[in-house]
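Data from input.cif: mmCIF, N, CA and C atoms; chains and numbers go by the auth columns
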data_my_file
loop_
_atom_site.group_PDB
_atom_site.id
_atom_site.type_symbol
_atom_site.label_atom_id
_atom_site.label_comp_id
_atom_site.label_asym_id
_atom_site.label_seq_id
_atom_site.Cartn_x
_atom_site.Cartn_y
_atom_site.Cartn_z
_atom_site.B_iso_or_equiv
_atom_site.auth_seq_id
_atom_site.auth_asym_id
ATOM 1 N N MET A 1 96.612 74.918 75.763 0.00 142 A
ATOM 2 C CA MET A 1 97.983 74.965 76.226 0.00 142 A
ATOM 3 C C MET A 1 98.469 76.409 76.334 0.00 142 A
ATOM 4 N N GLN A 2 98.189 77.219 75.340 0.00 143 A
ATOM 5 C CA GLN A 2 98.594 78.624 75.341 0.00 143 A
ATOM 6 C C GLN A 2 97.931 79.383 76.478 0.00 143 A
ATOM 7 N N GLN A 3 96.648 79.099 76.735 0.00 144 A
ATOM 8 C CA GLN A 3 95.936 79.769 77.821 0.00 144 A
ATOM 9 C C GLN A 3 96.559 79.434 79.169 0.00 144 A
ATOM 10 N N GLU A 4 96.990 78.208 79.340 0.00 145 A
ATOM 11 C CA GLU A 4 97.632 77.802 80.594 0.00 145 A
ATOM 12 C C GLU A 4 98.940 78.551 80.794 0.00 145 A
ATOM 13 N N LYS A 5 99.704 78.713 79.710 0.00 146 A
ATOM 14 C CA LYS A 5 100.959 79.473 79.787 0.00 146 A
ATOM 15 C C LYS A 5 100.685 80.921 80.169 0.00 146 A
ATOM 16 N N GLU A 6 99.671 81.509 79.532 0.00 147 A
ATOM 17 C CA GLU A 6 99.323 82.898 79.816 0.00 147 A
ATOM 18 C C GLU A 6 98.855 83.052 81.260 0.00 147 A
ATOM 19 N N ARG A 7 98.051 82.116 81.735 0.00 148 A
ATOM 20 C CA ARG A 7 97.572 82.150 83.118 0.00 148 A
ATOM 21 C C ARG A 7 98.738 82.059 84.098 0.00 148 A
ATOM 22 N N ALA A 8 99.663 81.170 83.811 0.00 149 A
ATOM 23 C CA ALA A 8 100.838 81.006 84.672 0.00 149 A
ATOM 24 C C ALA A 8 101.684 82.274 84.680 0.00 149 A
ATOM 25 N N MET A 9 101.831 82.903 83.517 0.00 150 A
ATOM 26 C CA MET A 9 102.612 84.137 83.432 0.00 150 A
ATOM 27 C C MET A 9 101.929 85.265 84.217 0.00 150 A
ATOM 28 N N ILE A 10 100.620 85.352 84.135 0.00 151 A
ATOM 29 C CA ILE A 10 99.886 86.380 84.872 0.00 151 A
ATOM 30 C C ILE A 10 100.017 86.141 86.371 0.00 151 A
ATOM 31 N N ASN A 11 99.877 84.897 86.800 0.00 152 A
ATOM 32 C CA ASN A 11 100.026 84.577 88.224 0.00 152 A
ATOM 33 C C ASN A 11 101.416 84.934 88.731 0.00 152 A
ATOM 34 N N GLU A 12 102.417 84.641 87.934 0.00 153 A
ATOM 35 C CA GLU A 12 103.793 84.969 88.309 0.00 153 A
ATOM 36 C C GLU A 12 103.989 86.479 88.386 0.00 153 A
ATOM 37 N N MET A 13 103.411 87.199 87.444 0.00 154 A
ATOM 38 C CA MET A 13 103.531 88.654 87.423 0.00 154 A
ATOM 39 C C MET A 13 102.860 89.274 88.653 0.00 154 A
ATOM 40 N N VAL A 14 101.685 88.783 89.011 0.00 155 A
ATOM 41 C CA VAL A 14 100.972 89.302 90.187 0.00 155 A
ATOM 42 C C VAL A 14 101.767 89.015 91.459 0.00 155 A
ATOM 43 N N ALA A 15 102.332 87.829 91.552 0.00 156 A
ATOM 44 C CA ALA A 15 103.134 87.488 92.730 0.00 156 A
ATOM 45 C C ALA A 15 104.355 88.391 92.836 0.00 156 A
ATOM 46 N N LYS A 16 105.012 88.637 91.725 0.00 157 A
ATOM 47 C CA LYS A 16 106.193 89.509 91.707 0.00 157 A
ATOM 48 C C LYS A 16 105.804 90.940 92.050 0.00 157 A
ATOM 49 N N LEU A 17 104.722 91.426 91.459 0.00 158 A
ATOM 50 C CA LEU A 17 104.235 92.778 91.735 0.00 158 A
ATOM 51 C C LEU A 17 103.939 92.928 93.224 0.00 158 A
ATOM 52 N N THR A 18 103.263 91.948 93.799 0.00 159 A
ATOM 53 C CA THR A 18 102.909 91.992 95.211 0.00 159 A
ATOM 54 C C THR A 18 104.163 92.066 96.079 0.00 159 A
ATOM 55 N N THR A 19 105.127 91.225 95.790 0.00 160 A
ATOM 56 C CA THR A 19 106.360 91.204 96.576 0.00 160 A
ATOM 57 C C THR A 19 107.128 92.511 96.452 0.00 160 A
ATOM 58 N N VAL A 20 107.341 92.967 95.229 0.00 161 A
ATOM 59 C CA VAL A 20 108.126 94.182 94.988 0.00 161 A
ATOM 60 C C VAL A 20 107.459 95.389 95.640 0.00 161 A
ATOM 61 N N CYS A 21 106.179 95.567 95.395 0.00 162 A
ATOM 62 C CA CYS A 21 105.489 96.747 95.907 0.00 162 A
ATOM 63 C C CYS A 21 105.313 96.684 97.424 0.00 162 A
ATOM 64 N N TRP A 22 105.058 95.515 97.963 0.00 163 A
ATOM 65 C CA TRP A 22 104.928 95.371 99.422 0.00 163 A
ATOM 66 C C TRP A 22 106.241 95.761 100.096 0.00 163 A
ATOM 67 N N ASP A 23 107.350 95.200 99.602 0.00 164 A
ATOM 68 C CA ASP A 23 108.656 95.492 100.200 0.00 164 A
ATOM 69 C C ASP A 23 109.012 96.968 100.100 0.00 164 A
ATOM 70 N N LYS A 24 108.604 97.594 99.017 0.00 165 A
ATOM 71 C CA LYS A 24 108.930 99.004 98.812 0.00 165 A
ATOM 72 C C LYS A 24 108.047 99.930 99.647 0.00 165 A
ATOM 73 N N CYS A 25 106.781 99.617 99.784 0.00 166 A
ATOM 74 C CA CYS A 25 105.810 100.571 100.329 0.00 166 A
ATOM 75 C C CYS A 25 105.408 100.340 101.782 0.00 166 A
ATOM 76 N N ILE A 26 105.478 99.120 102.256 0.00 167 A
ATOM 77 C CA ILE A 26 105.028 98.829 103.620 0.00 167 A
ATOM 78 C C ILE A 26 106.265 98.772 104.510 0.00 167 A
ATOM 79 N N THR A 27 106.422 99.814 105.310 0.00 168 A
ATOM 80 C CA THR A 27 107.663 99.952 106.085 0.00 168 A
ATOM 81 C C THR A 27 107.534 99.425 107.512 0.00 168 A
ATOM 82 N N GLY A 28 106.340 99.364 108.020 0.00 169 A
ATOM 83 C CA GLY A 28 106.152 98.888 109.388 0.00 169 A
ATOM 84 C C GLY A 28 105.240 97.679 109.403 0.00 169 A
ATOM 85 N N THR A 29 104.753 97.367 110.573 0.00 170 A
ATOM 86 C CA THR A 29 103.798 96.276 110.707 0.00 170 A
ATOM 87 C C THR A 29 102.434 96.771 110.242 0.00 170 A
ATOM 88 N N PRO A 30 101.836 96.104 109.264 0.00 171 A
ATOM 89 C CA PRO A 30 100.553 96.591 108.750 0.00 171 A
ATOM 90 C C PRO A 30 99.445 96.435 109.796 0.00 171 A
ATOM 91 N N GLY A 31 98.578 97.421 109.829 0.00 172 A
ATOM 92 C CA GLY A 31 97.426 97.362 110.711 0.00 172 A
ATOM 93 C C GLY A 31 96.225 96.828 109.962 0.00 172 A
ATOM 94 N N SER A 32 95.054 97.258 110.383 0.00 173 A
ATOM 95 C CA SER A 32 93.832 96.784 109.723 0.00 173 A
ATOM 96 C C SER A 32 93.622 97.451 108.374 0.00 173 A
ATOM 97 N N LYS A 33 94.279 98.586 108.146 0.00 174 A
ATOM 98 C CA LYS A 33 94.227 99.220 106.823 0.00 174 A
ATOM 99 C C LYS A 33 95.518 99.991 106.588 0.00 174 A
ATOM 100 N N PHE A 34 95.783 100.278 105.316 0.00 175 A
ATOM 101 C CA PHE A 34 97.002 100.982 104.939 0.00 175 A
ATOM 102 C C PHE A 34 96.862 102.471 105.224 0.00 175 A
ATOM 103 N N SER A 35 97.998 103.111 105.514 0.00 176 A
ATOM 104 C CA SER A 35 98.001 104.566 105.649 0.00 176 A
ATOM 105 C C SER A 35 97.837 105.166 104.250 0.00 176 A
ATOM 106 N N SER A 36 97.542 106.447 104.196 0.00 177 A
ATOM 107 C CA SER A 36 97.354 107.088 102.883 0.00 177 A
ATOM 108 C C SER A 36 98.647 107.080 102.081 0.00 177 A
ATOM 109 N N SER A 37 99.785 107.249 102.738 0.00 178 A
ATOM 110 C CA SER A 37 101.053 107.213 102.002 0.00 178 A
ATOM 111 C C SER A 37 101.354 105.808 101.491 0.00 178 A
ATOM 112 N N GLU A 38 100.993 104.780 102.275 0.00 179 A
ATOM 113 C CA GLU A 38 101.178 103.408 101.816 0.00 179 A
ATOM 114 C C GLU A 38 100.261 103.113 100.633 0.00 179 A
ATOM 115 N N GLN A 39 99.025 103.570 100.694 0.00 180 A
ATOM 116 C CA GLN A 39 98.085 103.364 99.584 0.00 180 A
ATOM 117 C C GLN A 39 98.600 104.008 98.314 0.00 180 A
ATOM 118 N N THR A 40 99.051 105.247 98.429 0.00 181 A
ATOM 119 C CA THR A 40 99.565 105.968 97.262 0.00 181 A
ATOM 120 C C THR A 40 100.780 105.260 96.685 0.00 181 A
ATOM 121 N N CYS A 41 101.684 104.859 97.568 0.00 182 A
ATOM 122 C CA CYS A 41 102.882 104.153 97.124 0.00 182 A
ATOM 123 C C CYS A 41 102.524 102.850 96.406 0.00 182 A
ATOM 124 N N LEU A 42 101.618 102.069 96.994 0.00 183 A
ATOM 125 C CA LEU A 42 101.204 100.806 96.378 0.00 183 A
ATOM 126 C C LEU A 42 100.563 101.028 95.015 0.00 183 A
ATOM 127 N N GLN A 43 99.711 102.034 94.906 0.00 184 A
ATOM 128 C CA GLN A 43 99.055 102.329 93.623 0.00 184 A
ATOM 129 C C GLN A 43 100.083 102.723 92.570 0.00 184 A
ATOM 130 N N ASN A 44 100.995 103.613 92.931 0.00 185 A
ATOM 131 C CA ASN A 44 102.013 104.068 91.975 0.00 185 A
ATOM 132 C C ASN A 44 102.956 102.934 91.583 0.00 185 A
ATOM 133 N N CYS A 45 103.352 102.135 92.564 0.00 186 A
ATOM 134 C CA CYS A 45 104.249 101.007 92.297 0.00 186 A
ATOM 135 C C CYS A 45 103.586 100.013 91.339 0.00 186 A
ATOM 136 N N ALA A 46 102.341 99.665 91.633 0.00 187 A
ATOM 137 C CA ALA A 46 101.625 98.706 90.778 0.00 187 A
ATOM 138 C C ALA A 46 101.461 99.254 89.365 0.00 187 A
ATOM 139 N N ARG A 47 101.119 100.524 89.259 0.00 188 A
ATOM 140 C CA ARG A 47 100.946 101.148 87.938 0.00 188 A
ATOM 141 C C ARG A 47 102.246 101.098 87.141 0.00 188 A
ATOM 142 N N ARG A 48 103.351 101.484 87.767 0.00 189 A
ATOM 143 C CA ARG A 48 104.650 101.467 87.076 0.00 189 A
ATOM 144 C C ARG A 48 105.038 100.046 86.680 0.00 189 A
ATOM 145 N N TYR A 49 104.821 99.100 87.581 0.00 190 A
ATOM 146 C CA TYR A 49 105.173 97.707 87.304 0.00 190 A
ATOM 147 C C TYR A 49 104.371 97.178 86.119 0.00 190 A
ATOM 148 N N LEU A 50 103.078 97.436 86.110 0.00 191 A
ATOM 149 C CA LEU A 50 102.231 96.958 85.018 0.00 191 A
ATOM 150 C C LEU A 50 102.576 97.638 83.699 0.00 191 A
ATOM 151 N N ASP A 51 102.842 98.947 83.742 0.00 192 A
ATOM 152 C CA ASP A 51 103.244 99.664 82.529 0.00 192 A
ATOM 153 C C ASP A 51 104.538 99.088 81.959 0.00 192 A
ATOM 154 N N MET A 52 105.499 98.840 82.838 0.00 193 A
ATOM 155 C CA MET A 52 106.779 98.301 82.382 0.00 193 A
ATOM 156 C C MET A 52 106.611 96.886 81.850 0.00 193 A
ATOM 157 N N SER A 53 105.803 96.075 82.498 0.00 194 A
ATOM 158 C CA SER A 53 105.558 94.712 82.024 0.00 194 A
ATOM 159 C C SER A 53 104.904 94.721 80.648 0.00 194 A
ATOM 160 N N ALA A 54 103.942 95.616 80.451 0.00 195 A
ATOM 161 C CA ALA A 54 103.281 95.726 79.147 0.00 195 A
ATOM 162 C C ALA A 54 104.271 96.145 78.069 0.00 195 A
ATOM 163 N N LEU A 55 105.146 97.079 78.391 0.00 196 A
ATOM 164 C CA LEU A 55 106.148 97.531 77.435 0.00 196 A
ATOM 165 C C LEU A 55 107.093 96.394 77.054 0.00 196 A
ATOM 166 N N ILE A 56 107.535 95.639 78.044 0.00 197 A
ATOM 167 C CA ILE A 56 108.442 94.519 77.785 0.00 197 A
ATOM 168 C C ILE A 56 107.749 93.460 76.934 0.00 197 A
ATOM 169 N N MET A 57 106.501 93.135 77.255 0.00 198 A
ATOM 170 C CA MET A 57 105.767 92.133 76.478 0.00 198 A
ATOM 171 C C MET A 57 105.584 92.590 75.039 0.00 198 A
ATOM 172 N N LYS A 58 105.298 93.868 74.850 0.00 199 A
ATOM 173 C CA LYS A 58 105.119 94.408 73.502 0.00 199 A
ATOM 174 C C LYS A 58 106.415 94.297 72.701 0.00 199 A
ATOM 175 N N ARG A 59 107.538 94.582 73.345 0.00 200 A
ATOM 176 C CA ARG A 59 108.836 94.487 72.656 0.00 200 A
ATOM 177 C C ARG A 59 109.149 93.046 72.270 0.00 200 A
ATOM 178 N N PHE A 60 108.845 92.105 73.179 0.00 201 A
ATOM 179 C CA PHE A 60 109.083 90.702 72.853 0.00 201 A
ATOM 180 C C PHE A 60 108.226 90.262 71.678 0.00 201 A
ATOM 181 N N GLN A 61 106.976 90.714 71.633 0.00 202 A
ATOM 182 C CA GLN A 61 106.089 90.361 70.525 0.00 202 A
ATOM 183 C C GLN A 61 106.608 90.924 69.214 0.00 202 A
ATOM 184 N N ASN A 62 107.188 92.124 69.235 0.00 203 A
ATOM 185 C CA ASN A 62 107.722 92.734 68.027 0.00 203 A
ATOM 186 C C ASN A 62 108.977 92.021 67.534 0.00 203 A
ATOM 187 N N MET A 63 109.685 91.349 68.436 0.00 204 A
ATOM 188 C CA MET A 63 110.909 90.628 68.066 0.00 204 A
ATOM 189 C C MET A 63 110.602 89.333 67.329 0.00 204 A
ATOM 190 N N GLN A 64 109.413 88.789 67.534 0.00 205 A
ATOM 191 C CA GLN A 64 109.084 87.485 66.944 0.00 205 A
ATOM 192 C C GLN A 64 108.614 87.613 65.530 0.00 205 A
#
Same coordinates, now as structure tokens:
Amino acid sequence: MQQEKERAMINEMVAKLTTVCWDKCITGTPGSKFSSSEQTCLQNCARRYLDMSALIMKRFQNMQ
């Protein structure tokens, strides 16, 4: 049961990360590959999102 909850949370996090970073970094119609600025933006956005998610999860664990 716990593994299913964790899997669902990870899936939700990936979906949110994809939406947030896509909306922020992809400004035009995507071609067959991302421009270098889009790649950099996506990498930085994903890194920040994951870092912040880890920090929030750690704080919640400390509260329990």
(request) Using all atoms listed in the file, determine which residues lie at most 7 Å from Leu158 (chain A), disregarding the query and same-chain residues fewer than 5 positions distant; provide the list as JSON, numbers by chain. (result) {"A": [153, 163, 187, 190]}
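The two atoms in question, atom N of Gln180 (chain A) and CA of Cys166 (chain A), are spaced 7.4 Å apart.
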(message) Using only C-alpha atoms, can you tell me which of A:Glu147, A:Lys174, A:Cys186, A:Met204 comes closest to Thr160 (chain A)?
(response)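 Checking each candidate against Thr160 (chain A), we get A:Cys186 as the closest.
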(request) Grab the CA of Arg200 (chain A) to CA of Asp164 (chain A) distance for me, in Å with one decimal place. (result)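 CA of Asp164 (chain A) lies 27.6 Å from CA of Arg200 (chain A).
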(message) Need the shell around Leu183 (chain A): protein/DNA/RNA residues with any atom at most 8 Å away, counting only N, CA and C atoms. Skip same-chain ones fewer than 5 positions apart. Format as a list in words?
(response)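 Counting only N, CA and C atoms, the residues come to Cys162, Trp163, Lys165, Cys166, Ile167, Ser177, Ser178, Arg188 and Arg189 of chain A.
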(request) Between CA of Thr181 (chain A) and CA of Thr168 (chain A), measure the distance and give it in Å to one decimal. (result) 13.4 Å
(message) Which of chain A end up as alpha helix (DSSP H) when DSSP is run on this backbone - answer as a PyMOL selection string?
(response) chain A and resi 143-166+177-204
Is it possible to get the axis-aligned box enclosing region 156-162 of chain A (all listed atoms, 6 Å extra per side) as JSON, with centre and edge lengths in Å rounded to one decimal?
{"center_x": 105.2, "center_y": 92.1, "center_z": 94.4, "size_x": 17.8, "size_y": 21.3, "size_z": 18.0}
Kindly complete region 187-198 of chain A to all heavy atoms; the output should be written as a CSV table (one decimal), keeping the file's coordinate frame.
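After the write, out_29.csv holds the following:
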chain,number,residue,atom,x,y,z
A,187,ALA,N,102.3,99.7,91.6
A,187,ALA,CA,101.6,98.7,90.8
A,187,ALA,C,101.5,99.3,89.4
A,187,ALA,O,101.7,98.5,88.4
A,187,ALA,CB,100.3,98.4,91.4
A,188,ARG,N,101.1,100.5,89.3
A,188,ARG,CA,100.9,101.1,87.9
A,188,ARG,C,102.2,101.1,87.1
A,188,ARG,O,102.3,100.7,86.0
A,188,ARG,CB,100.5,102.6,88.1
A,188,ARG,CG,100.0,103.2,86.8
A,188,ARG,CD,99.5,104.6,87.0
A,188,ARG,NE,98.3,104.5,87.8
A,188,ARG,CZ,98.1,105.2,89.0
A,188,ARG,NH1,99.1,106.0,89.5
A,188,ARG,NH2,97.0,105.1,89.7
A,189,ARG,N,103.4,101.5,87.8
A,189,ARG,CA,104.6,101.5,87.1
A,189,ARG,C,105.0,100.0,86.7
A,189,ARG,O,105.5,99.8,85.6
A,189,ARG,CB,105.7,102.1,88.0
A,189,ARG,CG,105.7,103.6,88.0
A,189,ARG,CD,107.0,104.2,88.7
A,189,ARG,NE,107.2,103.7,90.0
A,189,ARG,CZ,106.8,104.2,91.1
A,189,ARG,NH1,106.1,105.3,91.1
A,189,ARG,NH2,107.0,103.7,92.3
A,190,TYR,N,104.8,99.1,87.6
A,190,TYR,CA,105.2,97.7,87.3
A,190,TYR,C,104.4,97.2,86.1
A,190,TYR,O,104.9,96.5,85.2
A,190,TYR,CB,104.9,96.9,88.5
A,190,TYR,CG,105.4,95.4,88.4
A,190,TYR,CD1,106.7,95.1,88.7
A,190,TYR,CD2,104.6,94.4,87.9
A,190,TYR,CE1,107.2,93.8,88.6
A,190,TYR,CE2,105.0,93.1,87.8
A,190,TYR,CZ,106.3,92.8,88.1
A,190,TYR,OH,106.8,91.6,87.9
A,191,LEU,N,103.1,97.4,86.1
A,191,LEU,CA,102.2,97.0,85.0
A,191,LEU,C,102.6,97.6,83.7
A,191,LEU,O,102.6,97.0,82.6
A,191,LEU,CB,100.8,97.2,85.4
A,191,LEU,CG,100.2,96.3,86.5
A,191,LEU,CD1,98.8,96.7,86.9
A,191,LEU,CD2,100.3,94.8,86.1
A,192,ASP,N,102.8,98.9,83.7
A,192,ASP,CA,103.2,99.7,82.5
A,192,ASP,C,104.5,99.1,82.0
A,192,ASP,O,104.7,98.9,80.8
A,192,ASP,CB,103.4,101.2,82.8
A,192,ASP,CG,102.1,101.9,83.0
A,192,ASP,OD1,101.0,101.3,82.7
A,192,ASP,OD2,102.1,103.0,83.5
A,193,MET,N,105.5,98.8,82.8
A,193,MET,CA,106.8,98.3,82.4
A,193,MET,C,106.6,96.9,81.8
A,193,MET,O,107.2,96.5,80.8
A,193,MET,CB,107.8,98.3,83.5
A,193,MET,CG,109.2,98.0,83.1
A,193,MET,SD,109.8,99.0,81.8
A,193,MET,CE,110.1,100.5,82.6
A,194,SER,N,105.8,96.1,82.5
A,194,SER,CA,105.6,94.7,82.0
A,194,SER,C,104.9,94.7,80.6
A,194,SER,O,105.3,93.9,79.8
A,194,SER,CB,104.7,94.0,83.0
A,194,SER,OG,105.3,93.8,84.2
A,195,ALA,N,103.9,95.6,80.5
A,195,ALA,CA,103.3,95.7,79.1
A,195,ALA,C,104.3,96.1,78.1
A,195,ALA,O,104.3,95.6,76.9
A,195,ALA,CB,102.1,96.7,79.2
A,196,LEU,N,105.1,97.1,78.4
A,196,LEU,CA,106.1,97.5,77.4
A,196,LEU,C,107.1,96.4,77.1
A,196,LEU,O,107.4,96.2,75.9
A,196,LEU,CB,106.9,98.7,78.0
A,196,LEU,CG,108.1,99.3,77.2
A,196,LEU,CD1,107.5,99.9,75.9
A,196,LEU,CD2,108.9,100.2,78.0
A,197,ILE,N,107.5,95.6,78.0
A,197,ILE,CA,108.4,94.5,77.8
A,197,ILE,C,107.7,93.5,76.9
A,197,ILE,O,108.3,92.9,76.0
A,197,ILE,CB,109.0,93.9,79.1
A,197,ILE,CG1,109.9,94.9,79.8
A,197,ILE,CG2,109.6,92.6,78.9
A,197,ILE,CD1,110.2,94.6,81.2
A,198,MET,N,106.5,93.1,77.3
A,198,MET,CA,105.8,92.1,76.5
A,198,MET,C,105.6,92.6,75.0
A,198,MET,O,105.7,91.8,74.1
A,198,MET,CB,104.4,91.8,77.1
A,198,MET,CG,104.6,91.1,78.4
A,198,MET,SD,103.0,91.0,79.4
A,198,MET,CE,102.2,89.7,78.5
